[in-house]
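Novice: What follows is upload09.tsv, made up of TSV, C-alpha atoms:
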chain	number	residue	atom	x	y	z
A	1	ARG	CA	-1.62	-3.99	-54.33
A	2	PRO	CA	0.58	-4.68	-51.26
A	3	PHE	CA	2.24	-1.32	-51.83
A	4	ALA	CA	-1.16	0.44	-51.89
A	5	ILE	CA	-2.20	-1.26	-48.61
A	6	ALA	CA	1.06	-0.20	-47.01
A	7	ARG	CA	0.37	3.41	-47.99
A	8	GLN	CA	-2.98	3.21	-46.20
A	9	LEU	CA	-1.28	1.79	-43.08
A	10	ALA	CA	1.25	4.60	-43.16
A	11	ARG	CA	-1.52	7.07	-42.41
A	12	LEU	CA	-2.22	5.45	-39.03
A	13	PRO	CA	-0.87	7.41	-36.03
A	14	TRP	CA	1.35	4.64	-34.65
A	15	ILE	CA	3.39	4.39	-37.86
A	16	ARG	CA	6.22	6.81	-38.50
A	17	HIS	CA	5.05	9.17	-41.19
A	18	GLU	CA	8.60	10.09	-42.11
A	19	SER	CA	9.26	6.45	-43.03
A	20	ARG	CA	6.84	5.84	-45.86
A	21	PRO	CA	6.63	2.28	-47.15
A	22	GLN	CA	9.23	1.64	-49.77
A	23	GLN	CA	9.59	-1.19	-52.24
A	24	THR	CA	12.89	-2.83	-51.37
A	25	ASN	CA	13.31	-5.44	-54.10
A	26	LYS	CA	11.68	-7.12	-57.02
A	27	HIS	CA	9.58	-9.36	-54.76
A	28	ASN	CA	7.61	-6.31	-53.53
A	29	ILE	CA	8.73	-6.75	-49.92
A	30	ILE	CA	7.61	-3.64	-48.09
A	31	GLU	CA	9.28	-2.30	-44.95
A	32	ILE	CA	7.12	-0.35	-42.48
A	33	LYS	CA	8.60	1.19	-39.32
A	34	PHE	CA	6.26	1.36	-36.32
A	35	ARG	CA	6.47	3.79	-33.45
A	36	SER	CA	5.29	3.23	-29.87
A	37	PRO	CA	1.72	4.43	-29.22
A	38	THR	CA	1.30	7.39	-26.92
A	39	MET	CA	0.38	6.22	-23.41
A	40	PHE	CA	-2.78	7.79	-22.06
A	41	ARG	CA	-4.04	7.23	-18.55
A	42	ASN	CA	-7.50	6.17	-19.69
A	43	GLN	CA	-6.01	3.22	-21.54
A	44	TYR	CA	-5.27	1.56	-18.18
A	45	ASP	CA	-8.28	2.39	-16.02
A	46	THR	CA	-10.98	0.48	-17.93
A	47	ASP	CA	-10.56	-2.57	-15.70
A	48	VAL	CA	-9.31	-3.12	-12.18
A	49	THR	CA	-6.92	-5.92	-13.22
A	50	VAL	CA	-4.95	-3.77	-15.71
A	51	TRP	CA	-1.63	-2.35	-14.56
A	52	SER	CA	-0.47	1.04	-15.76
A	53	PRO	CA	3.15	1.44	-16.95
A	54	GLU	CA	3.92	3.13	-13.60
A	55	GLY	CA	2.81	0.01	-11.72
A	56	ARG	CA	-0.50	1.42	-10.50
A	57	LEU	CA	-4.05	0.07	-10.39
A	58	LEU	CA	-5.99	3.17	-11.32
A	59	GLN	CA	-9.46	1.91	-10.45
A	60	VAL	CA	-8.28	1.15	-6.93
A	61	GLU	CA	-6.99	4.71	-6.68
A	62	TYR	CA	-10.35	6.00	-7.90
A	63	ALA	CA	-12.07	4.03	-5.13
A	64	MET	CA	-9.71	5.56	-2.58
A	65	GLU	CA	-10.60	8.98	-3.97
A	66	SER	CA	-14.25	8.21	-3.29
A	67	VAL	CA	-13.37	7.81	0.40
A	68	LYS	CA	-11.76	11.26	0.37
A	69	GLN	CA	-14.97	12.75	-1.01
A	70	GLY	CA	-17.13	11.43	1.83
A	71	SER	CA	-17.85	13.51	4.92
A	72	ALA	CA	-15.37	13.24	7.78
A	73	CYS	CA	-15.27	10.36	10.23
A	74	ILE	CA	-12.99	10.10	13.28
A	75	ALA	CA	-12.15	7.26	15.69
A	76	LEU	CA	-9.96	7.13	18.79
A	77	ARG	CA	-9.45	4.89	21.81
A	78	SER	CA	-8.29	4.94	25.40
A	79	SER	CA	-7.34	2.07	27.69
A	80	THR	CA	-11.01	1.30	28.40
A	81	HIS	CA	-13.15	2.70	25.55
A	82	ALA	CA	-13.22	3.35	21.81
A	83	VAL	CA	-15.18	6.24	20.29
A	84	ILE	CA	-16.32	7.06	16.74
A	85	GLY	CA	-17.38	10.57	15.69
A	86	ALA	CA	-18.83	11.48	12.30
A	87	LEU	CA	-20.34	14.35	10.35
A	88	LYS	CA	-23.62	13.48	8.67
A	89	ARG	CA	-24.49	14.97	5.30
A	90	SER	CA	-27.87	15.77	3.78
A	91	VAL	CA	-28.26	16.03	0.01
A	92	SER	CA	-30.82	18.86	0.31
A	93	GLU	CA	-32.74	20.87	2.87
A	94	LEU	CA	-35.75	18.61	2.31
A	95	SER	CA	-33.95	15.36	3.11
A	96	SER	CA	-32.77	13.81	6.33
A	97	HIS	CA	-29.11	13.34	7.19
A	98	GLN	CA	-27.56	10.06	6.09
A	99	GLN	CA	-26.45	7.51	8.64
A	100	LYS	CA	-22.71	7.56	9.22
A	101	ILE	CA	-22.27	5.10	12.10
A	102	LEU	CA	-23.56	1.52	11.90
A	103	ASP	CA	-23.70	-1.05	14.69
A	104	ILE	CA	-22.41	-4.51	13.84
A	105	ASP	CA	-22.63	-6.34	17.17
A	106	ASP	CA	-22.80	-5.47	20.85
A	107	HIS	CA	-19.02	-5.03	20.86
A	108	ILE	CA	-18.34	-3.71	17.32
A	109	GLY	CA	-19.44	-0.72	15.27
A	110	ILE	CA	-18.21	1.12	12.19
A	111	GLY	CA	-18.00	4.67	10.88
A	112	ILE	CA	-18.06	5.10	7.11
A	113	ALA	CA	-16.78	7.54	4.48
A	114	GLY	CA	-17.55	6.96	0.81
A	115	LEU	CA	-20.41	5.19	-0.94
A	116	THR	CA	-23.30	4.42	1.41
A	117	ALA	CA	-24.54	1.45	-0.63
A	118	ASP	CA	-21.14	-0.26	-0.45
A	119	ALA	CA	-21.00	0.39	3.30
A	120	ARG	CA	-24.41	-1.23	3.83
A	121	THR	CA	-23.30	-4.30	1.90
A	122	LEU	CA	-20.16	-4.68	4.01
A	123	ALA	CA	-22.07	-4.03	7.24
A	124	LYS	CA	-24.56	-6.78	6.38
A	125	TRP	CA	-21.71	-9.22	5.72
A	126	MET	CA	-19.98	-8.27	9.00
A	127	ARG	CA	-23.21	-8.82	10.97
A	128	ASN	CA	-23.64	-12.26	9.42
A	129	GLU	CA	-20.05	-13.17	10.33
A	130	CYS	CA	-20.62	-12.12	13.95
A	131	LEU	CA	-23.89	-14.07	14.16
A	132	ASN	CA	-22.41	-17.22	12.62
A	133	TYR	CA	-19.40	-17.15	14.94
A	134	LYS	CA	-21.60	-16.65	18.01
A	135	TYR	CA	-23.91	-19.47	16.91
A	136	VAL	CA	-21.02	-21.93	16.41
A	137	TYR	CA	-18.71	-20.99	19.29
A	138	GLY	CA	-21.09	-19.31	21.74
A	139	THR	CA	-18.92	-16.22	22.14
A	140	ALA	CA	-18.28	-12.89	20.43
A	141	LEU	CA	-16.17	-12.81	17.28
A	142	PRO	CA	-12.64	-11.46	17.94
A	143	THR	CA	-12.20	-8.11	16.25
A	144	GLY	CA	-8.81	-8.89	14.72
A	145	ARG	CA	-10.21	-11.91	12.92
A	146	LEU	CA	-13.17	-9.94	11.55
A	147	VAL	CA	-11.13	-7.03	10.19
A	148	THR	CA	-8.60	-9.42	8.62
A	149	ASP	CA	-11.42	-11.19	6.78
A	150	LEU	CA	-12.82	-7.77	5.84
A	151	ALA	CA	-9.47	-6.72	4.37
A	152	ASP	CA	-9.34	-9.97	2.37
A	153	ARG	CA	-12.83	-9.21	1.05
A	154	HIS	CA	-11.64	-5.78	-0.07
A	155	GLN	CA	-8.55	-7.24	-1.72
A	156	ARG	CA	-10.43	-9.88	-3.72
A	157	THR	CA	-12.30	-7.16	-5.60
A	158	THR	CA	-8.98	-5.68	-6.79
A	159	GLN	CA	-7.92	-8.98	-8.40
A	160	THR	CA	-11.15	-10.11	-10.05
A	161	TYR	CA	-12.07	-9.18	-13.59
A	162	VAL	CA	-15.84	-8.79	-13.11
A	163	ARG	CA	-15.75	-6.90	-9.79
A	164	ARG	CA	-15.00	-3.34	-8.81
A	165	PRO	CA	-13.37	-2.18	-5.55
A	166	TYR	CA	-15.61	-1.11	-2.69
A	167	GLY	CA	-15.71	2.69	-2.73
A	168	VAL	CA	-15.86	3.09	1.04
A	169	GLY	CA	-13.42	3.36	3.92
A	170	LEU	CA	-14.32	2.07	7.38
A	171	LEU	CA	-13.25	2.97	10.90
A	172	VAL	CA	-13.95	-0.03	13.14
A	173	ALA	CA	-14.29	0.50	16.90
A	174	SER	CA	-14.60	-2.49	19.19
A	175	PHE	CA	-13.96	-3.93	22.64
A	176	ASP	CA	-13.00	-7.54	23.34
A	177	LYS	CA	-10.99	-9.52	25.87
A	178	ASN	CA	-7.83	-7.74	24.72
A	179	GLY	CA	-9.31	-4.28	25.32
A	180	PRO	CA	-10.54	-1.53	22.98
A	181	HIS	CA	-9.46	-1.41	19.35
A	182	VAL	CA	-9.63	1.04	16.44
A	183	TYR	CA	-9.00	-0.18	12.90
A	184	GLN	CA	-8.97	1.63	9.56
A	185	THR	CA	-9.72	-0.24	6.34
A	186	CYS	CA	-8.99	0.86	2.79
A	187	PRO	CA	-10.48	-0.09	-0.63
A	188	SER	CA	-7.07	-1.47	-1.60
A	189	GLY	CA	-7.32	-4.18	1.07
A	190	ASN	CA	-4.98	-2.60	3.62
A	191	VAL	CA	-5.99	-2.53	7.27
A	192	TYR	CA	-4.34	-0.63	10.12
A	193	GLU	CA	-4.79	-0.71	13.89
A	194	CYS	CA	-4.24	2.70	15.41
A	195	TYR	CA	-4.71	4.91	18.47
A	196	GLY	CA	-6.84	7.26	16.38
A	197	SER	CA	-7.62	7.99	12.76
A	198	ALA	CA	-9.61	10.34	10.53
A	199	ILE	CA	-10.92	9.77	7.00
A	200	GLY	CA	-13.09	11.69	4.56
A	201	ALA	CA	-13.25	15.25	3.26
A	202	ARG	CA	-11.41	17.89	5.30
A	203	SER	CA	-10.25	15.20	7.72
A	204	GLN	CA	-6.71	16.58	7.90
A	205	SER	CA	-7.76	19.04	10.63
A	206	GLY	CA	-9.13	16.23	12.75
A	207	ARG	CA	-6.07	14.09	12.09
A	208	THR	CA	-3.82	16.93	13.23
A	209	TYR	CA	-5.80	17.24	16.47
A	210	LEU	CA	-5.49	13.50	17.11
A	211	GLU	CA	-1.74	13.53	16.47
A	212	LYS	CA	-1.33	16.40	18.92
A	213	HIS	CA	-3.31	14.85	21.79
A	214	TYR	CA	-3.19	11.08	21.29
A	215	GLU	CA	-0.68	10.56	24.11
A	216	SER	CA	-3.28	11.76	26.60
A	217	PHE	CA	-6.05	9.45	25.35
A	218	GLY	CA	-4.86	6.43	27.35
A	219	GLU	CA	-6.12	7.69	30.72
A	220	CYS	CA	-9.30	9.33	29.43
A	221	GLY	CA	-12.72	8.14	30.52
A	222	LYS	CA	-15.68	7.72	28.23
A	223	ASP	CA	-16.95	11.30	28.49
A	224	GLU	CA	-13.50	12.84	28.01
A	225	LEU	CA	-12.91	10.66	24.95
A	226	ILE	CA	-16.23	11.78	23.45
A	227	MET	CA	-15.24	15.41	24.01
A	228	HIS	CA	-11.93	14.81	22.21
A	229	ALA	CA	-13.86	13.31	19.28
A	230	LEU	CA	-16.15	16.35	19.08
A	231	LYS	CA	-13.23	18.78	19.26
A	232	ALA	CA	-11.55	16.94	16.39
A	233	LEU	CA	-14.78	17.01	14.37
A	234	VAL	CA	-15.22	20.77	14.78
A	235	GLY	CA	-12.30	21.45	12.45
A	236	CYS	CA	-13.79	19.18	9.77
A	237	VAL	CA	-17.03	21.18	9.38
A	238	SER	CA	-17.04	23.00	6.04
A	239	GLY	CA	-17.55	26.70	5.40
A	240	ASP	CA	-19.51	28.67	7.97
A	241	GLY	CA	-21.37	25.62	9.24
A	242	GLU	CA	-21.20	24.42	12.81
A	243	LEU	CA	-21.30	21.11	14.58
A	244	ASN	CA	-24.78	20.48	16.00
A	245	LYS	CA	-27.10	17.68	17.02
A	246	ASP	CA	-28.43	17.28	13.48
A	247	ASN	CA	-25.17	16.83	11.56
A	248	GLY	CA	-23.13	15.26	14.36
A	249	SER	CA	-23.03	11.64	15.47
A	250	VAL	CA	-20.97	9.86	18.13
A	251	ALA	CA	-20.74	6.23	19.22
A	252	PHE	CA	-18.81	4.51	22.00
A	253	VAL	CA	-18.02	0.99	23.19
A	254	GLY	CA	-15.91	-0.14	26.08
A	255	LYS	CA	-15.56	-1.94	29.36
A	256	GLY	CA	-19.06	-2.41	30.72
A	257	ASP	CA	-20.66	-0.52	27.79
A	258	LYS	CA	-22.21	-2.05	24.70
A	259	PHE	CA	-21.86	-0.26	21.39
A	260	THR	CA	-24.10	2.80	21.68
A	261	ILE	CA	-24.83	5.58	19.18
A	262	LEU	CA	-25.48	9.13	20.42
A	263	GLU	CA	-27.46	11.39	18.10
A	264	GLY	CA	-29.96	14.22	18.39
A	265	ASP	CA	-30.99	15.05	21.95
A	266	ASP	CA	-28.67	12.39	23.38
A	267	LEU	CA	-25.71	14.25	21.87
A	268	GLN	CA	-26.85	17.74	22.92
A	269	PRO	CA	-25.34	17.71	26.49
A	270	TYR	CA	-21.88	17.05	25.03
A	271	LEU	CA	-22.33	19.86	22.49
A	272	ASP	CA	-23.34	22.24	25.29
A	273	ARG	CA	-20.22	21.27	27.22
A	274	LEU	CA	-18.14	21.78	24.08
A	275	GLU	CA	-19.53	25.29	23.69
A	276	LEU	CA	-18.78	26.12	27.33
A	277	GLU	CA	-15.20	24.92	26.92
A	278	GLY	CA	-14.68	27.29	24.01
A	279	GLY	CA	-15.54	24.99	21.12
A	280	THR	CA	-17.77	25.97	18.23
A	281	GLY	CA	-20.52	23.41	18.66
A	282	GLY	CA	-24.04	24.67	17.98
A	283	GLY	CA	-26.98	24.30	20.30
A	284	ASN	CA	-30.11	24.10	18.15
A	285	GLY	CA	-29.06	22.50	14.87
A	286	ALA	CA	-29.62	25.68	12.86
A	287	GLY	CA	-26.41	25.55	10.86
A	288	ASP	CA	-26.25	22.47	8.70
A	289	GLU	CA	-23.14	21.44	6.90
A	290	GLU	CA	-22.65	23.46	3.72
A	291	GLU	CA	-21.46	22.19	0.39
A	292	ASP	CA	-17.84	22.52	-0.57
A	293	ASP	CA	-16.62	22.97	-4.15
A	294	ASP	CA	-13.59	20.78	-3.49
A	295	ASP	CA	-15.86	17.75	-3.19
A	296	ASP	CA	-16.55	17.88	-6.95
A	297	GLY	CA	-20.28	17.66	-6.46
A	298	ALA	CA	-20.16	14.81	-3.97
A	299	ASP	CA	-22.70	16.57	-1.75
A	300	ASP	CA	-25.27	16.35	-4.53
A	301	ASP	CA	-24.99	12.57	-4.85
A	302	ALA	CA	-27.17	10.61	-2.48
A	303	MET	CA	-24.87	7.58	-2.83
A	304	GLU	CA	-21.98	9.33	-1.10
A	305	THR	CA	-21.74	10.12	2.57
For this file, write the structure as C-alpha cells.
Specialist:
Amino acid sequence: RPFAIARQLARLPWIRHESRPQQTNKHNIIEIKFRSPTMFRNQYDTDVTVWSPEGRLLQVEYAMESVKQGSACIALRSSTHAVIGALKRSVSELSSHQQKILDIDDHIGIGIAGLTADARTLAKWMRNECLNYKYVYGTALPTGRLVTDLADRHQRTTQTYVRRPYGVGLLVASFDKNGPHVYQTCPSGNVYECYGSAIGARSQSGRTYLEKHYESFGECGKDELIMHALKALVGCVSGDGELNKDNGSVAFVGKGDKFTILEGDDLQPYLDRLELEGGTGGGNGAGDEEEDDDDDGADDDAMET
C-alpha cells in the first residue's frame, strides 16, 4: 500500500516524474525526490504582508499603480506661495467632474491622484488632526508634523494583515511660519518635500516642465505661479482635449492668503491669459478630457480620479 500511495504522489507536478518511487529494501522504504515549485507572481500578491522572492511587496506596487492611473495633479512653490493644479475627470457626459483638490485647513490643502474614496478618508483624518491640534495648542498644526503622521498612517497599512494600502497619492501644499511647502506622499509610506512635483496619468509632461523652470519659481508672485501650474497642466491633457474651466482646477496658499480653490468662472481669467500667451487653454469648456486607452479603463470607474 505505501508503494501505491507513492505512485499517486509521483503524479503531482512538484515531484520529479523521472524519479518514480522505488522500493529500496525489504522494509518497503520508498524514496521520492521533490522538485521546487514554479514561482508565479500571483502566489505572492494575495496579501500585503507577503514578500516575493525578489524582495517586493506586490500589493504596495499595485496601489502605486493606482496613483499612476488617476488624472494628473501638479504642485509647485515659490518663496511666498504654494500652488496646486489638477485635471478633473468625469466618468460620462451626464456626470459632473470629480473634485481633485480638497481643503484641509486655512493653511493646508491637498491634490489627489488615485482612488477618491481613499482620498476622502485621509482628508477627513487630516482635518481632525488640524482641529485637535488647534483646540489643544491654540495655533495651526505645523505641516511637517502632519505629513510625517500621514506617512506613518500609509506605512501601517503595508505591515498589517487585515488592511490594504491606500490607493491614492497626495500633493500637500501649505504655508506656515517657515514659509510655503510642497510635499508628495506615496502609498508605500514615503514622503518627499520638493520645489514642485507631478503625479497621475500623463504627468511626465508636467514634470518635465517643472524641472525646466523650477529655478525661476522662487521669485514668482501668486499669479505667475498659477500661470506656471496651468502651463504644466496643458501637456497632461489627453488626446485632442483642451484645458478649460470645467476640467481644470487650481488652488493657492501663501503669505497673507488662506487656502483658496479656483474653479469655473474664477479660473477663466487665467485661462484667457494662458491663451493670449500662446498656451492651449480653452475659453468655454467645450472640450472635456477624453479617455485614454493607456489608463486600462480607469476613466470608466467612478472610484478613480
Novice: Distance CA of Leu102 (chain A)-CA of Leu267 (chain A), one decimal place?
Specialist: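 Separation between CA of Leu102 (chain A) and CA of Leu267 (chain A): 16.3 Å.
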Novice: Where does region 141-200 of chain A meet region 216-224 of chain A within 12 Å, residue by residue, with the nearest atom pair and distance in Å to one decimal for each, counting all atoms listed in the file, listed by chain and rising number, as JSON lines?
Specialist:
{"residue": "A:Gly179", "atom": "CA", "partner": "A:Gly218", "partner_atom": "CA", "distance": 11.8}
{"residue": "A:Pro180", "atom": "CA", "partner": "A:Gly218", "partner_atom": "CA", "distance": 10.7}
{"residue": "A:Tyr195", "atom": "CA", "partner": "A:Phe217", "partner_atom": "CA", "distance": 8.4}
{"residue": "A:Gly196", "atom": "CA", "partner": "A:Phe217", "partner_atom": "CA", "distance": 9.3}
Novice: I'd like the contact shell of Leu225 (chain A) - 12 Å cut-off, only C-alpha atoms, skipping same-chain residues fewer than 3 positions apart - returned as a compact mmCIF listing (two decimals) with C-alpha atoms, in the frame of the given file.
Specialist:
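Written file, out.txt:
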# COMPACT_ATOMS: atom_id res chain seq x y z
CA ILE A 74 -12.99 10.10 13.28
CA ALA A 75 -12.15 7.26 15.69
CA LEU A 76 -9.96 7.13 18.79
CA ARG A 77 -9.45 4.89 21.81
CA SER A 78 -8.29 4.94 25.40
CA SER A 79 -7.34 2.07 27.69
CA THR A 80 -11.01 1.30 28.40
CA HIS A 81 -13.15 2.70 25.55
CA ALA A 82 -13.22 3.35 21.81
CA VAL A 83 -15.18 6.24 20.29
CA ILE A 84 -16.32 7.06 16.74
CA GLY A 85 -17.38 10.57 15.69
CA TYR A 195 -4.71 4.91 18.47
CA GLY A 196 -6.84 7.26 16.38
CA LEU A 210 -5.49 13.50 17.11
CA HIS A 213 -3.31 14.85 21.79
CA TYR A 214 -3.19 11.08 21.29
CA SER A 216 -3.28 11.76 26.60
CA PHE A 217 -6.05 9.45 25.35
CA GLY A 218 -4.86 6.43 27.35
CA GLU A 219 -6.12 7.69 30.72
CA CYS A 220 -9.30 9.33 29.43
CA GLY A 221 -12.72 8.14 30.52
CA LYS A 222 -15.68 7.72 28.23
CA HIS A 228 -11.93 14.81 22.21
CA ALA A 229 -13.86 13.31 19.28
CA LEU A 230 -16.15 16.35 19.08
CA LYS A 231 -13.23 18.78 19.26
CA ALA A 232 -11.55 16.94 16.39
CA VAL A 250 -20.97 9.86 18.13
CA ALA A 251 -20.74 6.23 19.22
CA PHE A 252 -18.81 4.51 22.00
CA VAL A 253 -18.02 0.99 23.19
CA GLY A 254 -15.91 -0.14 26.08
CA TYR A 270 -21.88 17.05 25.03
Novice: Between CA of Ser66 (chain A) and CA of Gly144 (chain A), what distance in Å does the model show, to one decimal?
Specialist: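 The value is 25.4 Å.
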Novice: Closest to Thr158 (chain A) among A:Glu193, A:Glu61, A:Glu93, A:Glu263, using all atoms listed in the file?
Specialist: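 Answer, going by the shortest atom-to-atom distance: A:Glu61.
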Novice: Find the distance between CA of Leu276 (chain A) and CA of Ile261 (chain A) and write it in Å to one decimal.
Specialist: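 A separation of 22.9 Å between them.
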Novice: Out of A:Pro269, A:Gly189, A:Thr157, A:Gly111, which residue has the shortest atom-to-atom distance to Ala123 (chain A) when counting all atoms listed in the file?
Specialist: A:Gly111
Novice: Which of these residues is nearest to Thr46 (chain A), using all atoms listed in the file: A:Val237, A:Ala113, A:Val162, A:Ala201?
Specialist: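 Of the candidates, the smallest distance to Thr46 (chain A) is held by A:Val162.
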Novice: Near Thr116 (chain A), within 12 Å and counting all atoms listed in the file, which residues show up once chain neighbours fewer than 5 positions away are dropped, as a list in words?
Specialist: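 My list of contacting residues is Ser66, Val67, Gly70, Ser71, Lys88, Arg89, Gln98, Gln99, Lys100, Ile101, Leu102, Gly111, Thr121, Leu122, Ala123, Tyr166, Gly167, Val168, Gly169, Leu170, Asp301, Ala302, Met303, Glu304 and Thr305 of chain A.
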Novice: Counting only C-alpha atoms, which residues in region 112-177 of chain A sit no more than 8 Å from region 48-57 of chain A? For each one, give the nearest pair of atoms and the distance in Å, sorted by chain then residue number, as CSV.
Specialist:
residue,atom,partner,partner_atom,distance
A:Thr158,CA,A:Val48,CA,6.0
A:Gln159,CA,A:Thr49,CA,5.8
A:Thr160,CA,A:Thr49,CA,6.7
A:Tyr161,CA,A:Thr49,CA,6.1
A:Arg163,CA,A:Val48,CA,7.8
A:Arg164,CA,A:Val48,CA,6.6
A:Pro165,CA,A:Val48,CA,7.8
Novice: Pick from A:Val136, A:Lys255, A:Asn247, A:Lys212: nearest to Ser96 (chain A), with all atoms listed in the file counted?
Specialist: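 Among the listed residues, A:Asn247 lies closest to Ser96 (chain A).
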Novice: Quick one: of A:His107, A:Arg145, A:Arg153, A:Lys68, who's nearest to Phe175 (chain A), counting all atoms listed in the file?
Specialist: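 Using all atoms listed in the file, the shortest distance to Phe175 (chain A) belongs to A:His107.
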Novice: Which of these residues is nearest to Leu115 (chain A), using all atoms listed in the file: A:Ser188, A:Thr260, A:Gln69, A:Thr143?
Specialist: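 Going through A:Ser188, A:Thr260, A:Gln69, A:Thr143 one by one, the smallest distance to Leu115 (chain A) is for A:Gln69.
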